[in-house]
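Raw work35.tsv, TSV, C-alpha atoms:
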chain	number	residue	atom	x	y	z
U	15	ALA	CA	126.59	94.30	105.41
U	16	TRP	CA	130.31	93.55	105.30
U	17	VAL	CA	131.06	95.92	108.20
U	18	VAL	CA	128.20	94.49	110.26
U	19	ARG	CA	129.39	90.95	109.60
U	20	GLU	CA	133.12	91.57	110.10
U	21	THR	CA	132.83	93.71	113.23
U	22	ARG	CA	129.70	92.11	114.66
U	23	LEU	CA	128.16	95.57	114.73
U	24	PRO	CA	124.65	95.26	116.14
U	25	PRO	CA	122.39	95.31	113.05
U	26	ALA	CA	119.94	97.56	114.90
U	27	PHE	CA	122.44	100.45	114.71
U	28	PRO	CA	122.35	100.95	110.91
U	29	ARG	CA	118.59	100.34	110.91
U	30	VAL	CA	118.07	103.11	113.46
U	31	HIS	CA	120.24	105.39	111.34
U	32	LEU	CA	118.14	104.66	108.25
U	33	ASP	CA	115.05	105.52	110.29
U	34	GLY	CA	116.59	108.97	110.77
U	35	PHE	CA	116.65	109.48	107.01
U	36	ALA	CA	112.97	108.55	106.96
U	37	MET	CA	112.27	111.21	109.60
U	38	ASP	CA	113.69	113.81	107.22
U	39	VAL	CA	111.77	112.47	104.23
U	40	GLU	CA	108.54	112.52	106.24
U	41	GLY	CA	109.12	116.18	107.10
U	42	ARG	CA	108.59	115.68	110.81
U	43	ARG	CA	108.25	118.67	113.08
U	44	TYR	CA	109.82	118.81	116.52
U	45	GLU	CA	107.69	120.35	119.23
U	46	THR	CA	109.90	119.60	122.24
U	47	LEU	CA	113.57	119.21	123.03
U	48	GLU	CA	112.90	115.52	123.61
U	49	GLN	CA	111.58	115.15	120.06
U	50	THR	CA	114.58	117.04	118.68
U	51	LEU	CA	116.86	114.73	120.67
U	52	GLU	CA	115.04	111.69	119.29
U	53	TYR	CA	115.83	112.96	115.80
U	54	CYS	CA	119.44	113.64	116.82
U	55	TYR	CA	119.75	110.08	118.13
U	56	HIS	CA	118.60	108.62	114.82
U	57	VAL	CA	120.82	110.74	112.58
U	58	ALA	CA	123.90	111.17	114.77
U	59	GLY	CA	123.75	109.53	118.21
U	60	VAL	CA	123.65	106.08	116.68
U	61	VAL	CA	126.55	107.09	114.41
U	62	GLY	CA	128.51	107.75	117.61
U	63	LEU	CA	127.54	104.30	118.84
U	64	MET	CA	128.69	102.72	115.57
U	65	MET	CA	131.97	104.66	115.54
U	66	ALA	CA	132.74	103.66	119.12
U	67	TRP	CA	131.97	100.04	118.24
U	68	LEU	CA	134.30	100.19	115.25
U	69	MET	CA	137.00	101.61	117.57
U	70	GLY	CA	136.70	98.49	119.70
U	71	VAL	CA	134.39	99.72	122.45
U	72	ARG	CA	132.07	97.08	123.84
U	73	ASP	CA	131.16	98.32	127.32
U	74	GLU	CA	127.81	100.07	127.48
U	75	PRO	CA	128.86	103.16	129.50
U	76	THR	CA	131.51	104.06	126.93
U	77	LEU	CA	129.22	103.27	123.99
U	78	LEU	CA	126.64	105.62	125.48
U	79	ARG	CA	129.24	108.40	125.59
U	80	GLY	CA	129.65	107.89	121.83
U	81	ASN	CA	125.92	108.46	121.53
U	82	ASP	CA	126.27	111.65	123.59
U	83	LEU	CA	128.95	112.99	121.26
U	84	GLY	CA	126.71	112.30	118.27
U	85	LEU	CA	123.87	114.17	119.98
U	86	ALA	CA	126.17	117.11	120.71
U	87	PHE	CA	127.40	117.20	117.11
U	88	GLN	CA	123.85	117.14	115.72
U	89	LEU	CA	122.59	119.82	118.10
U	90	THR	CA	125.51	121.95	116.90
U	91	ASN	CA	124.56	121.20	113.28
U	92	ILE	CA	120.99	122.25	113.96
U	93	THR	CA	122.06	125.60	115.37
U	94	ARG	CA	124.62	126.19	112.62
U	95	ASP	CA	122.12	125.45	109.85
U	96	VAL	CA	118.99	127.29	111.07
U	97	ALA	CA	118.81	129.64	108.07
U	98	GLU	CA	119.65	126.97	105.50
U	99	ASP	CA	117.11	124.55	106.98
U	100	ALA	CA	114.41	127.23	107.13
U	101	ALA	CA	115.02	128.05	103.46
U	102	ALA	CA	114.47	124.34	102.72
U	103	GLY	CA	111.23	124.33	104.76
U	104	ARG	CA	112.68	122.53	107.80
U	105	VAL	CA	112.89	123.53	111.46
U	106	TYR	CA	114.70	121.28	113.93
U	107	LEU	CA	114.69	123.71	116.87
U	108	PRO	CA	112.02	122.86	119.45
U	109	ALA	CA	108.87	124.66	118.28
U	110	ALA	CA	107.64	125.12	121.84
U	111	TRP	CA	110.85	126.97	122.72
U	112	LEU	CA	110.48	129.23	119.67
U	113	ARG	CA	106.86	130.08	120.47
U	114	GLY	CA	107.76	130.54	124.15
U	115	GLU	CA	110.24	133.22	123.09
U	116	GLY	CA	107.66	134.88	120.83
U	117	ALA	CA	109.13	133.66	117.54
U	118	SER	CA	107.50	131.91	114.64
U	119	ALA	CA	108.02	128.15	114.68
U	120	ASP	CA	107.19	127.95	110.98
U	121	ALA	CA	110.05	127.73	108.50
U	122	SER	CA	108.56	130.45	106.30
U	123	GLY	CA	108.66	133.03	109.11
U	124	LEU	CA	111.54	131.82	111.22
U	125	MET	CA	114.21	134.10	109.76
U	126	ALA	CA	112.10	137.26	109.86
U	127	PRO	CA	113.99	140.18	111.43
U	128	ALA	CA	111.33	140.43	114.16
U	129	ASN	CA	112.29	136.90	115.31
U	130	ARG	CA	116.03	137.53	115.50
U	131	ASP	CA	116.41	138.12	119.27
U	132	ALA	CA	114.08	135.25	120.14
U	133	LEU	CA	115.87	132.96	117.69
U	134	VAL	CA	119.24	133.79	119.23
U	135	ARG	CA	117.91	132.90	122.69
U	136	VAL	CA	116.59	129.53	121.46
U	137	VAL	CA	119.83	128.75	119.63
U	138	ARG	CA	121.75	129.54	122.83
U	139	ARG	CA	119.53	127.13	124.80
U	140	VAL	CA	120.12	124.38	122.24
U	141	LEU	CA	123.87	125.02	122.39
U	142	ASP	CA	123.69	124.81	126.20
U	143	GLU	CA	122.15	121.36	125.76
U	144	ALA	CA	124.89	120.45	123.29
U	145	ASP	CA	127.50	121.50	125.86
U	146	ARG	CA	126.03	119.06	128.38
U	147	TYR	CA	126.44	116.24	125.85
U	148	TYR	CA	129.98	117.31	124.92
U	149	ALA	CA	130.89	117.17	128.62
U	150	SER	CA	129.35	113.72	129.03
U	151	ALA	CA	131.08	112.46	125.89
U	152	GLY	CA	134.46	113.54	127.25
U	153	VAL	CA	134.32	110.74	129.81
U	154	GLY	CA	134.09	108.18	127.00
U	155	VAL	CA	136.85	109.77	124.92
U	156	ALA	CA	139.33	109.01	127.71
U	157	ARG	CA	138.40	105.32	127.42
U	158	LEU	CA	139.15	105.03	123.71
U	159	PRO	CA	142.43	103.69	122.30
U	160	PHE	CA	144.93	106.57	122.35
U	161	ARG	CA	144.92	107.44	118.63
U	162	CYS	CA	141.16	107.15	118.39
U	163	GLY	CA	140.68	109.20	121.54
U	164	TRP	CA	143.01	111.92	120.27
U	165	ALA	CA	141.13	112.18	116.96
U	166	VAL	CA	137.71	112.17	118.62
U	167	ALA	CA	138.78	114.76	121.22
U	168	THR	CA	140.08	117.01	118.45
U	169	ALA	CA	136.84	116.68	116.49
U	170	SER	CA	134.84	117.35	119.64
U	171	HIS	CA	136.73	120.57	120.42
U	172	VAL	CA	136.58	121.81	116.84
U	173	TYR	CA	132.90	121.05	116.53
U	174	GLY	CA	132.10	122.50	119.94
U	175	ASP	CA	133.74	125.74	118.83
U	176	ILE	CA	131.36	125.94	115.85
U	177	GLY	CA	128.56	126.57	118.33

Would you mind writing the file's structure down as structure tokens?
Amino acid sequence: AWVVRETRLPPAFPRVHLDGFAMDVEGRRYETLEQTLEYCYHVAGVVGLMMAWLMGVRDEPTLLRGNDLGLAFQLTNITRDVAEDAAAGRVYLPAAWLRGEGASADASGLMAPANRDALVRVVRRVLDEADRYYASAGVGVARLPFRCGWAVATASHVYGDIG
């Protein structure tokens, strides 16, 4: 509440983020890339919006690039954590993409050796999507105050390399 009050952060931003926690608690499944991206927006895109706001950004085009970086980070997280998430009963990869490649879209069967090649292809597609968002976010990084921009660019490159 203090941060919202002191920075005039739009109150909708933290509310949207809390909705992302609810999505996890509800155990939602993600059939399409669009549904996965909706999840990514709630748990990370809006964090990018909030971070940009706290760095002094007020123009919408630059704020939206903060959202793009959050989406890229979360897509990278999803691909990095496939096995861990499956062990916990969660799958964030688009189920339609998994089935389209001949893999199980169910957490209990996702990591089966027979799914390995298909899973690698789906992970690569998700990382290709992440790369599009990293590229878009780069435009906004150049508009940040120098020290902020340097830190965000470093994080973006390090995180992009995780994929």

Contact table stretch 40-129 of chain U vs stretch 27-34 of chain U, cut-off 9 Å, shortest pair per residue, all atoms listed in the file, as a Markdown table:
| residue | atom | partner | partner_atom | distance |
| --- | --- | --- | --- | --- |
| U:Tyr53 | CA | U:Gly34 | CA | 6.5 |
| U:Cys54 | CA | U:Gly34 | CA | 8.2 |
| U:Tyr55 | CA | U:Gly34 | CA | 8.1 |
| U:His56 | CA | U:Gly34 | CA | 4.5 |
| U:Val57 | CA | U:Gly34 | CA | 4.9 |
| U:Ala58 | CA | U:His31 | CA | 7.7 |
| U:Gly59 | CA | U:His31 | CA | 8.8 |
| U:Val60 | CA | U:Phe27 | CA | 6.1 |
| U:Val61 | CA | U:His31 | CA | 7.2 |
| U:Leu63 | CA | U:Phe27 | CA | 7.6 |
| U:Met64 | CA | U:Phe27 | CA | 6.7 |

Exercise. Hey, which of U:Arg161, U:Arg113, U:Arg139, U:Arg79 ends up closest to U:Gly62? Count all atoms listed in the file.
Worked result: U:Arg79

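For the set U:His171, U:Arg135, U:Arg130, U:Arg42, the residue with the smallest atom-to-atom gap to U:Ala149 is U:His171, counting all atoms listed in the file.
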
For this session: Considering only C-alpha atoms, return as number ranges by chain whatever protein or nucleic-acid residues lie within 12 Å of stretch 162-169 of chain U, sequence-local ones (same chain, fewer than 2 positions apart) excluded.
Result: U: 62, 65-71, 76, 79-80, 83-84, 86-87, 148-149, 151-160, 171-176

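With distances restricted to all atoms listed in the file, U:Pro108 is the closest residue to U:Thr50 from U:Pro108, U:Pro127, U:Pro25, U:Gly114.
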
For this session: Please provide the set of residues having any atom within 7 Å of U:Gly103, restricted to only C-alpha atoms, with same-chain residues fewer than 4 positions apart removed, written as a VMD selection string.
Result: chain U and resid 99 121 to 122

For this session: Using only C-alpha atoms, find the one residue out of U:Ser170, U:Val17, U:Thr93, U:Ala102 that sits nearest to U:Leu133.
Result: U:Thr93
